[in-house]
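Undergrad: Got a structure for you, final10.cif, holding mmCIF, C-alpha atoms and all ligand atoms.
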```
data_my_file
#
loop_
_atom_site.label_atom_id
_atom_site.label_comp_id
_atom_site.auth_asym_id
_atom_site.auth_seq_id
_atom_site.Cartn_x
_atom_site.Cartn_y
_atom_site.Cartn_z
CA MET A 1 104.93 185.99 139.56
CA PRO A 2 107.12 185.24 136.56
CA ALA A 3 110.23 183.40 137.70
CA PHE A 4 112.02 183.87 134.40
CA ASN A 5 111.99 186.74 132.00
CA ILE A 6 112.86 185.40 128.56
CA SER A 7 112.75 188.82 126.99
CA LYS A 8 115.61 190.01 129.17
CA GLU A 9 117.82 187.06 128.36
CA ALA A 10 117.39 185.25 125.11
CA LEU A 11 114.33 186.71 123.47
CA ALA A 12 114.83 190.44 123.76
CA GLY A 13 113.46 191.34 120.37
CA THR A 14 114.70 190.58 116.92
CA ALA A 15 118.30 191.61 117.57
CA ALA A 16 118.74 189.29 120.51
CA LEU A 17 116.93 186.50 118.71
CA GLY A 18 119.19 186.98 115.71
CA ALA A 19 122.29 186.88 117.89
CA VAL A 20 121.19 183.82 119.79
CA ALA A 21 120.01 182.07 116.63
CA LEU A 22 123.25 182.90 114.88
CA ALA A 23 125.29 181.67 117.82
CA GLY A 24 123.20 178.51 117.91
CA PHE A 25 123.50 178.10 114.18
CA LEU A 26 127.26 178.65 114.13
CA ALA A 27 127.85 176.32 117.00
CA GLY A 28 125.01 174.04 115.99
CA ARG A 29 123.99 173.75 119.56
CA ARG A 30 121.48 174.82 122.14
CA TYR A 31 118.96 177.58 121.49
CA SER A 32 119.16 177.02 117.78
CA ARG A 33 115.65 175.66 118.38
CA LEU A 34 114.49 179.22 118.89
CA TYR A 35 114.51 179.70 115.18
CA PHE A 36 113.66 176.32 113.74
CA GLY A 37 110.30 176.14 112.08
CA THR A 38 108.75 179.25 113.55
CA PHE A 39 110.74 182.23 112.52
CA LYS A 40 107.95 184.32 111.06
CA GLY A 41 105.48 186.52 112.80
CA SER A 42 102.64 185.03 114.69
CA SER A 43 103.75 181.45 115.15
CA TYR A 44 107.07 182.56 116.63
CA GLU A 45 105.25 185.08 118.79
CA LYS A 46 102.83 182.44 119.93
CA ASN A 47 105.54 179.91 120.65
CA SER A 48 107.60 182.33 122.67
CA GLN A 49 104.53 183.44 124.60
CA LEU A 50 103.63 179.83 125.30
CA GLN A 51 107.19 179.07 126.31
CA GLN A 52 107.01 182.01 128.71
CA TYR A 53 103.70 180.70 130.04
CA ILE A 54 105.22 177.25 130.60
CA LEU A 55 108.04 178.78 132.59
CA ASP A 56 105.76 181.12 134.54
CA TYR A 57 103.42 178.32 135.54
CA SER A 58 105.74 175.36 136.09
CA LEU A 59 109.21 176.53 137.00
CA ARG A 60 110.19 176.29 140.64
CA GLU A 61 113.77 177.36 140.32
CA HIS A 62 116.03 177.26 143.36
CA PRO A 63 117.47 180.79 143.93
CA ILE A 64 121.04 179.58 143.47
CA LEU A 65 120.11 177.80 140.24
CA LYS A 66 118.66 181.09 139.07
CA LYS A 67 121.86 182.85 140.05
CA LEU A 68 123.94 180.31 138.10
CA ARG A 69 121.63 180.61 135.09
CA LEU A 70 121.98 184.39 135.02
CA ILE A 71 125.76 184.23 135.40
CA THR A 72 126.02 181.56 132.70
CA SER A 73 123.81 183.45 130.27
CA GLN A 74 126.36 186.29 130.37
CA CYS A 75 129.26 183.93 129.57
CA ARG A 76 130.80 183.20 126.24
CA HIS A 77 129.04 180.04 125.00
CA GLY A 78 126.23 180.66 127.48
CA PHE A 79 123.80 179.35 124.87
CA MET A 80 125.08 175.83 125.60
CA MET A 81 123.40 175.82 129.00
CA VAL A 82 120.54 173.39 129.49
CA SER A 83 117.14 175.05 129.63
CA CYS A 84 115.74 175.49 133.12
CA ASP A 85 112.47 173.65 132.43
CA GLU A 86 114.36 170.68 130.98
CA ALA A 87 116.67 170.53 134.01
CA GLN A 88 113.62 170.67 136.24
CA LEU A 89 112.01 167.75 134.40
CA LEU A 90 115.17 165.66 134.81
CA ALA A 91 115.43 166.53 138.50
CA ASN A 92 111.76 165.67 139.03
CA LEU A 93 112.26 162.27 137.39
CA ALA A 94 115.39 161.63 139.44
CA LYS A 95 113.52 162.54 142.60
CA LEU A 96 110.61 160.31 141.66
CA ILE A 97 112.82 157.24 141.18
CA ARG A 98 114.72 158.16 144.36
CA ALA A 99 117.98 158.46 142.47
CA LYS A 100 121.10 158.28 144.58
CA LYS A 101 123.78 157.96 141.91
CA ALA A 102 123.78 159.96 138.68
CA ILE A 103 126.08 160.68 135.76
CA GLU A 104 126.20 163.85 133.71
CA VAL A 105 128.07 163.71 130.40
CA GLY A 106 128.74 167.36 129.53
CA VAL A 107 128.62 169.67 132.56
CA PHE A 108 129.44 173.12 131.15
CA THR A 109 128.90 175.53 134.12
CA GLY A 110 126.89 172.87 135.88
CA TYR A 111 123.31 174.15 135.84
CA ASN A 112 121.89 170.66 135.42
CA THR A 113 124.55 169.14 137.68
CA LEU A 114 123.49 171.51 140.46
CA SER A 115 119.82 170.91 139.77
CA MET A 116 120.41 167.16 140.14
CA ALA A 117 122.64 167.50 143.19
CA LEU A 118 119.84 169.45 144.89
CA VAL A 119 117.47 166.48 144.65
CA LEU A 120 119.97 163.73 145.46
CA PRO A 121 120.03 162.55 149.08
CA GLU A 122 122.84 163.71 151.39
CA ASP A 123 124.90 160.61 150.60
CA GLY A 124 124.06 160.78 146.87
CA ARG A 125 126.62 161.47 144.15
CA ILE A 126 126.66 162.84 140.64
CA VAL A 127 129.68 161.99 138.51
CA ALA A 128 130.07 165.12 136.41
CA CYS A 129 132.10 164.62 133.22
CA ASP A 130 133.61 167.42 131.19
CA VAL A 131 136.82 168.30 129.41
CA SER A 132 136.72 171.95 130.47
CA GLU A 133 137.65 173.01 133.98
CA GLU A 134 137.23 176.64 132.90
CA TYR A 135 133.45 176.26 132.52
CA ALA A 136 133.06 174.18 135.66
CA ASN A 137 134.98 176.81 137.66
CA ILE A 138 132.14 179.23 136.95
CA GLY A 139 129.65 176.89 138.60
CA LYS A 140 131.76 175.56 141.47
CA PRO A 141 131.25 178.52 143.88
CA LEU A 142 127.49 178.21 143.33
CA TRP A 143 127.55 174.45 143.97
CA LYS A 144 129.24 175.29 147.28
CA GLU A 145 126.84 178.12 148.08
CA ALA A 146 123.94 175.71 147.58
CA GLY A 147 125.61 173.33 150.04
CA VAL A 148 125.71 170.39 147.63
CA ASP A 149 129.28 170.47 146.32
CA HIS A 150 130.09 167.33 148.34
CA LYS A 151 127.65 165.41 146.11
CA ILE A 152 129.40 166.50 142.88
CA ASP A 153 132.29 164.35 141.71
CA LEU A 154 133.74 166.42 138.85
CA ARG A 155 136.01 164.51 136.47
CA ILE A 156 137.91 166.65 133.97
CA LYS A 157 138.86 164.35 131.11
CA PRO A 158 137.09 162.93 128.06
CA ALA A 159 133.81 161.49 129.28
CA ILE A 160 134.42 158.15 127.55
CA GLN A 161 137.45 157.69 129.78
CA THR A 162 135.46 158.44 132.93
CA LEU A 163 132.67 156.07 131.93
CA ASP A 164 135.24 153.33 131.22
CA GLU A 165 136.81 153.93 134.62
CA LEU A 166 133.44 153.60 136.33
CA LEU A 167 132.85 150.32 134.50
CA ALA A 168 136.35 149.07 135.35
CA ASN A 169 135.66 150.03 138.96
CA GLY A 170 132.75 147.56 139.08
CA GLU A 171 130.04 150.26 139.04
CA ALA A 172 127.94 148.72 136.25
CA GLU A 173 124.21 148.73 137.04
CA THR A 174 124.72 150.97 140.10
CA PHE A 175 123.61 154.33 138.68
CA ASP A 176 120.01 155.52 138.70
CA PHE A 177 120.19 158.32 136.18
CA ALA A 178 122.38 159.49 133.31
CA PHE A 179 122.15 162.66 131.25
CA ILE A 180 124.01 162.78 127.94
CA ASP A 181 124.71 166.33 126.76
CA ALA A 182 128.24 166.59 125.34
CA ASP A 183 129.98 166.10 121.96
CA LYS A 184 127.43 164.61 119.61
CA GLU A 185 129.91 162.40 117.74
CA SER A 186 130.25 160.19 120.81
CA TYR A 187 126.55 159.96 121.68
CA ASN A 188 126.26 156.33 120.61
CA ASP A 189 129.24 155.33 122.81
CA TYR A 190 127.87 157.38 125.70
CA TYR A 191 124.50 155.70 125.32
CA GLU A 192 126.02 152.20 125.29
CA LYS A 193 128.24 152.86 128.30
CA CYS A 194 125.52 154.61 130.29
CA LEU A 195 123.19 151.72 129.54
CA ARG A 196 125.69 149.41 131.22
CA LEU A 197 126.17 151.76 134.18
CA VAL A 198 122.49 152.43 134.84
CA ARG A 199 120.43 149.92 136.80
CA LYS A 200 117.18 148.37 135.60
CA GLY A 201 114.44 150.94 136.20
CA GLY A 202 116.96 153.73 135.80
CA ILE A 203 116.75 156.53 133.22
CA ILE A 204 119.04 157.73 130.46
CA ALA A 205 118.18 161.19 129.18
CA ILE A 206 119.67 162.34 125.88
CA ASP A 207 119.61 165.96 124.79
CA ASN A 208 119.52 167.57 121.32
CA VAL A 209 117.95 164.56 119.63
CA LEU A 210 116.16 166.76 117.05
CA TRP A 211 119.34 168.68 116.22
CA SER A 212 117.55 171.91 115.33
CA GLY A 213 115.12 169.96 113.15
CA LYS A 214 117.92 168.72 110.88
CA VAL A 215 117.07 165.09 111.70
CA LEU A 216 114.24 165.52 109.18
CA LYS A 217 116.89 165.72 106.45
CA PRO A 218 119.70 163.70 108.03
CA ALA A 219 121.62 163.12 104.80
CA SER A 220 122.41 166.82 104.59
CA HIS A 221 124.35 167.03 107.84
CA ASP A 222 126.85 164.68 109.55
CA ILE A 223 125.67 165.20 113.11
CA ALA A 224 122.02 165.10 112.09
CA GLN A 225 122.75 161.75 110.47
CA MET A 226 124.41 160.38 113.61
CA MET A 227 121.59 161.67 115.75
CA HIS A 228 118.99 160.18 113.45
CA GLN A 229 120.76 156.81 113.46
CA LEU A 230 120.87 156.83 117.24
CA ASN A 231 117.19 157.78 117.43
CA GLU A 232 116.36 154.91 115.09
CA LYS A 233 118.48 152.48 117.09
CA ILE A 234 116.88 153.50 120.40
CA LEU A 235 113.41 153.19 118.89
CA HIS A 236 114.07 149.48 118.28
CA ASP A 237 116.26 148.86 121.32
CA PRO A 238 114.65 146.07 123.39
CA ARG A 239 116.74 147.05 126.43
CA VAL A 240 114.69 150.21 127.00
CA VAL A 241 111.28 151.77 126.63
CA VAL A 242 111.45 155.23 125.23
CA SER A 243 109.81 158.63 124.97
CA MET A 244 111.03 161.43 122.74
CA ILE A 245 109.87 164.80 123.93
CA MET A 246 109.65 167.95 121.86
CA MET A 247 111.27 170.10 124.49
CA TRP A 248 113.72 172.67 123.17
CA ASP A 249 116.13 170.78 120.89
CA GLY A 250 114.48 167.43 121.62
CA LEU A 251 114.91 165.17 124.62
CA THR A 252 114.86 161.38 124.65
CA LEU A 253 114.07 159.55 127.84
CA ALA A 254 115.15 155.90 127.75
CA PHE A 255 113.91 153.85 130.68
CA LYS A 256 116.06 150.75 131.21
CA LEU A 257 114.15 147.48 131.39
C1 LIG A 301 125.86 171.52 125.89
S1 LIG A 301 127.16 171.67 127.04
C2 LIG A 301 126.49 170.89 128.48
C3 LIG A 301 125.42 171.69 129.16
C4 LIG A 301 125.12 171.23 130.57
N1 LIG A 301 124.56 169.90 130.60
C5 LIG A 301 124.25 172.18 131.34
O1 LIG A 301 123.56 171.76 132.27
O2 LIG A 301 124.24 173.40 131.07
C6 LIG A 301 128.31 170.49 126.45
C7 LIG A 301 129.55 170.28 127.32
O3 LIG A 301 130.19 169.09 126.85
C8 LIG A 301 131.56 169.24 127.08
N2 LIG A 301 132.29 168.27 126.26
C9 LIG A 301 132.58 168.32 124.95
N3 LIG A 301 133.28 167.24 124.58
C10 LIG A 301 133.43 166.46 125.69
C11 LIG A 301 134.04 165.21 125.95
N4 LIG A 301 134.65 164.52 124.99
N5 LIG A 301 133.98 164.72 127.20
C12 LIG A 301 133.36 165.42 128.18
N6 LIG A 301 132.76 166.60 127.99
C13 LIG A 301 132.79 167.12 126.76
C14 LIG A 301 131.84 170.70 126.72
O4 LIG A 301 133.03 171.14 127.34
C15 LIG A 301 130.58 171.39 127.26
O5 LIG A 301 130.82 171.90 128.56
#
```
Take the structure from the file and write it as structure tokens.
Ligand SMILES: C[S@@+](CC[C@H](N)C(=O)[O-])C[C@H]1O[C@@H](n2cnc3c(N)ncnc32)[C@H](O)[C@@H]1O

TA:
Amino acid sequence: MPAFNISKEALAGTAALGAVALAGFLAGRRYSRLYFGTFKGSSYEKNSQLQQYILDYSLREHPILKKLRLITSQCRHGFMMVSCDEAQLLANLAKLIRAKKAIEVGVFTGYNTLSMALVLPEDGRIVACDVSEEYANIGKPLWKEAGVDHKIDLRIKPAIQTLDELLANGEAETFDFAFIDADKESYNDYYEKCLRLVRKGGIIAIDNVLWSGKVLKPASHDIAQMMHQLNEKILHDPRVVVSMIMMWDGLTLAFKL
């Protein structure tokens, strides 16, 4: 039974694809990957069919996550939402390492925050960093409905400030998981601070590392250049082992040694 109907949401024919691609292009953010590399005919068709297959045969989406996803997809900037299969991968990893403390840098309406909170133990906590209360207010009632709002510690201020406060509070090496998914200009700082906050054996996940494929020509684009430099740095970083996954806009998983 398909749990997710792409055609109704982001892939409803050429018009919807154009709108989503344009929105992604203009904002340079999520879902821009729907057009990179595979715009024409059969390869796009095949990719979208395979993507649908992946969702149909691997997604086990909590009903309230689904509700939040559908609400968010109707919102202005809804394209910024994490993809459901990516959020599921992160939650599975967090569950596997028995994560109790997590950080999310860039919450938006909180799809991934909720997905994480659902797998954290009752006394677990996710520090959710964003500058926009407006977006988070969309997710909050759903966090409550899912019965996990007590695990979500939302901090509305620049994420750098929150990460510095956690460090100043003596919380270095106490987090199990961090997900970086906010303003790309600060990714290097987020990575460095999260690396200090996460314990050995913990995971730092970084989204959008392929930047719609622009990392292949980094000189042509400021953010692509920053992203490429960070990718290169992480590749040689002896503090972590790393996997870069071609999932949506590219996901790096850095496992702290
Ligand atoms: C791509 S969205 C995050 C998507 C989210 N992870 C999800 O599960 O759907 C990026 C978010 O980063 C936030 N953001 C941008 N600059 C920020 C900053 N300096 N500090 C904290 N959050 C920031 C934006 O308000 C936006 O909600």

Undergrad: If you take every atom of ligand LIG 301 (chain A) that the file lists and fit an axis-aligned box around them with 4 Å extra on each side, what centre and edge lengths come out in Å to one decimal, as lines of an AutoDock Vina configuration file?

TA:
```
center_x = 129.1
center_y = 169.0
center_z = 128.4
size_x = 19.1
size_y = 16.9
size_z = 15.7
```

Undergrad: Please work out which residues fall within 10 Å of (110.7, 172.2, 137.0), coordinates as given in the file, with all atoms listed in the file counting, and return them as a PDB file with C-alpha atoms, keeping the file's coordinate frame.

TA:
```
ATOM      1  CA  ILE A  54     105.220 177.250 130.600  1.00  0.00           C
ATOM      2  CA  LEU A  55     108.040 178.780 132.590  1.00  0.00           C
ATOM      3  CA  TYR A  57     103.420 178.320 135.540  1.00  0.00           C
ATOM      4  CA  SER A  58     105.740 175.360 136.090  1.00  0.00           C
ATOM      5  CA  LEU A  59     109.210 176.530 137.000  1.00  0.00           C
ATOM      6  CA  ARG A  60     110.190 176.290 140.640  1.00  0.00           C
ATOM      7  CA  GLU A  61     113.770 177.360 140.320  1.00  0.00           C
ATOM      8  CA  HIS A  62     116.030 177.260 143.360  1.00  0.00           C
ATOM      9  CA  CYS A  84     115.740 175.490 133.120  1.00  0.00           C
ATOM     10  CA  ASP A  85     112.470 173.650 132.430  1.00  0.00           C
ATOM     11  CA  GLU A  86     114.360 170.680 130.980  1.00  0.00           C
ATOM     12  CA  ALA A  87     116.670 170.530 134.010  1.00  0.00           C
ATOM     13  CA  GLN A  88     113.620 170.670 136.240  1.00  0.00           C
ATOM     14  CA  LEU A  89     112.010 167.750 134.400  1.00  0.00           C
ATOM     15  CA  LEU A  90     115.170 165.660 134.810  1.00  0.00           C
ATOM     16  CA  ALA A  91     115.430 166.530 138.500  1.00  0.00           C
ATOM     17  CA  ASN A  92     111.760 165.670 139.030  1.00  0.00           C
ATOM     18  CA  SER A 115     119.820 170.910 139.770  1.00  0.00           C
TER      19      SER A 115
END
```

Undergrad: Could you give me the residues within 8 Å of ligand LIG 301 (chain A), counting only C-alpha atoms and all ligand atoms, as a PyMOL selection string?

TA: chain A and resi 29-30+80-83+87+104-113+129-132+135-136+156-160+179-183+186

Undergrad: Calculate how many Å separate atom CA of A:Met246 from atom CA of A:Trp211, rounding to one decimal.

TA: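 Atom CA of A:Trp211 lies 11.2 Å from atom CA of A:Met246.
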
Undergrad: Point out the residue among A:His77, A:Ile138, A:Val209, A:Thr174 with the least atom-to-atom distance to A:Arg125, counting only C-alpha atoms.

TA: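 Answer, going by the shortest atom-to-atom distance: A:Thr174.
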
Undergrad: Between A:Phe255, A:Lys95, A:Tyr187, A:Asp123, which residue has the minimum interatomic distance to A:Gln225, considering all atoms listed in the file?

TA: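 So, comparing all the options, the nearest one is A:Tyr187.
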
Undergrad: Please determine, counting only C-alpha atoms, which residue among A:Met244, A:Ala224, A:Asp176, A:Asp56 has the shortest atom-to-atom distance to A:Arg98.

TA: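 Counting only C-alpha atoms, the residue closest to A:Arg98 is A:Asp176.
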
Undergrad: My list of candidates is A:Ile245, A:Leu197, A:Leu70, A:Leu167. Which is closest to A:Ala102 when distances are computed with all atoms listed in the file?

TA: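 Between A:Ile245, A:Leu197, A:Leu70, A:Leu167, the residue approaching A:Ala102 most closely is A:Leu197.
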
Undergrad: Write out as CSV a residue-level contact list of stretch 42-138 of chain A versus stretch 198-203 of chain A with cut-off 9 Å: for each qualifying residue the closest pair of atoms and the distance in Å to one decimal, counting all atoms listed in the file, rows sorted by chain and residue number upward.

TA:
```
residue,atom,partner,partner_atom,distance
A:Leu93,CA,A:Ile203,CA,8.4
A:Ala94,CA,A:Ile203,CA,8.2
A:Ile97,CA,A:Gly202,CA,7.6
A:Ala99,CA,A:Gly202,CA,8.2
A:Ala102,CA,A:Val198,CA,8.6
```

Undergrad: What would the file look like if the residues just selected were written as a short mmCIF file (atom, residue, chain, number, x, y, z; two decimals), in the frame of the given file with C-alpha atoms?

TA:
```cif
data_model
loop_
_atom_site.label_atom_id
_atom_site.label_comp_id
_atom_site.auth_asym_id
_atom_site.auth_seq_id
_atom_site.Cartn_x
_atom_site.Cartn_y
_atom_site.Cartn_z
CA LEU A 93 112.26 162.27 137.39
CA ALA A 94 115.39 161.63 139.44
CA ILE A 97 112.82 157.24 141.18
CA ALA A 99 117.98 158.46 142.47
CA ALA A 102 123.78 159.96 138.68
#
```

Undergrad: Taking all atoms listed in the file into account, which of A:Lys214, A:Arg196, A:Trp248, A:Lys144 comes nearest A:Ser48?

TA: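 Of A:Lys214, A:Arg196, A:Trp248, A:Lys144, the one nearest A:Ser48, counting all atoms listed in the file, is A:Trp248.
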
Undergrad: Quote the spacing between atom CA of A:Phe177 and atom CA of A:Pro238 in Å to one decimal place.

TA: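 Result for atom CA of A:Phe177 versus atom CA of A:Pro238: 18.6 Å, one decimal.
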
Undergrad: Which residue gives the smallest distance to A:Val119 among A:Leu251, A:Leu96, A:Val241, A:Ile234, with only C-alpha atoms counted?

TA: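 Smallest separation from A:Val119 among the options: A:Leu96.
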
Undergrad: For atom CA of A:Leu114 and atom CA of A:Cys75, quote the distance in Å rounded to one decimal.

TA: 17.5 Å

Undergrad: So which residues touch A:Val242 within 7 Å, counting only C-alpha atoms, skipping near sequence neighbours fewer than 3 positions away, as an mmCIF file with C-alpha atoms, in the coordinates of the input?

TA:
```cif
data_model
loop_
_atom_site.group_PDB
_atom_site.id
_atom_site.type_symbol
_atom_site.label_atom_id
_atom_site.label_comp_id
_atom_site.auth_asym_id
_atom_site.auth_seq_id
_atom_site.Cartn_x
_atom_site.Cartn_y
_atom_site.Cartn_z
ATOM 1 C CA LEU A 235 113.410 153.190 118.890
ATOM 2 C CA LEU A 253 114.070 159.550 127.840
ATOM 3 C CA ALA A 254 115.150 155.900 127.750
ATOM 4 C CA PHE A 255 113.910 153.850 130.680
#
```

Undergrad: Need the shell around A:Gly78: protein/DNA/RNA residues with any atom at most 9 Å away, counting only C-alpha atoms. Skip same-chain ones fewer than 4 positions apart. Format as a list of chain:residue names?

TA: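 Contacts, in chain order: A:Arg69, A:Ile71, A:Thr72, A:Ser73, A:Gln74, A:Phe108, A:Thr109.
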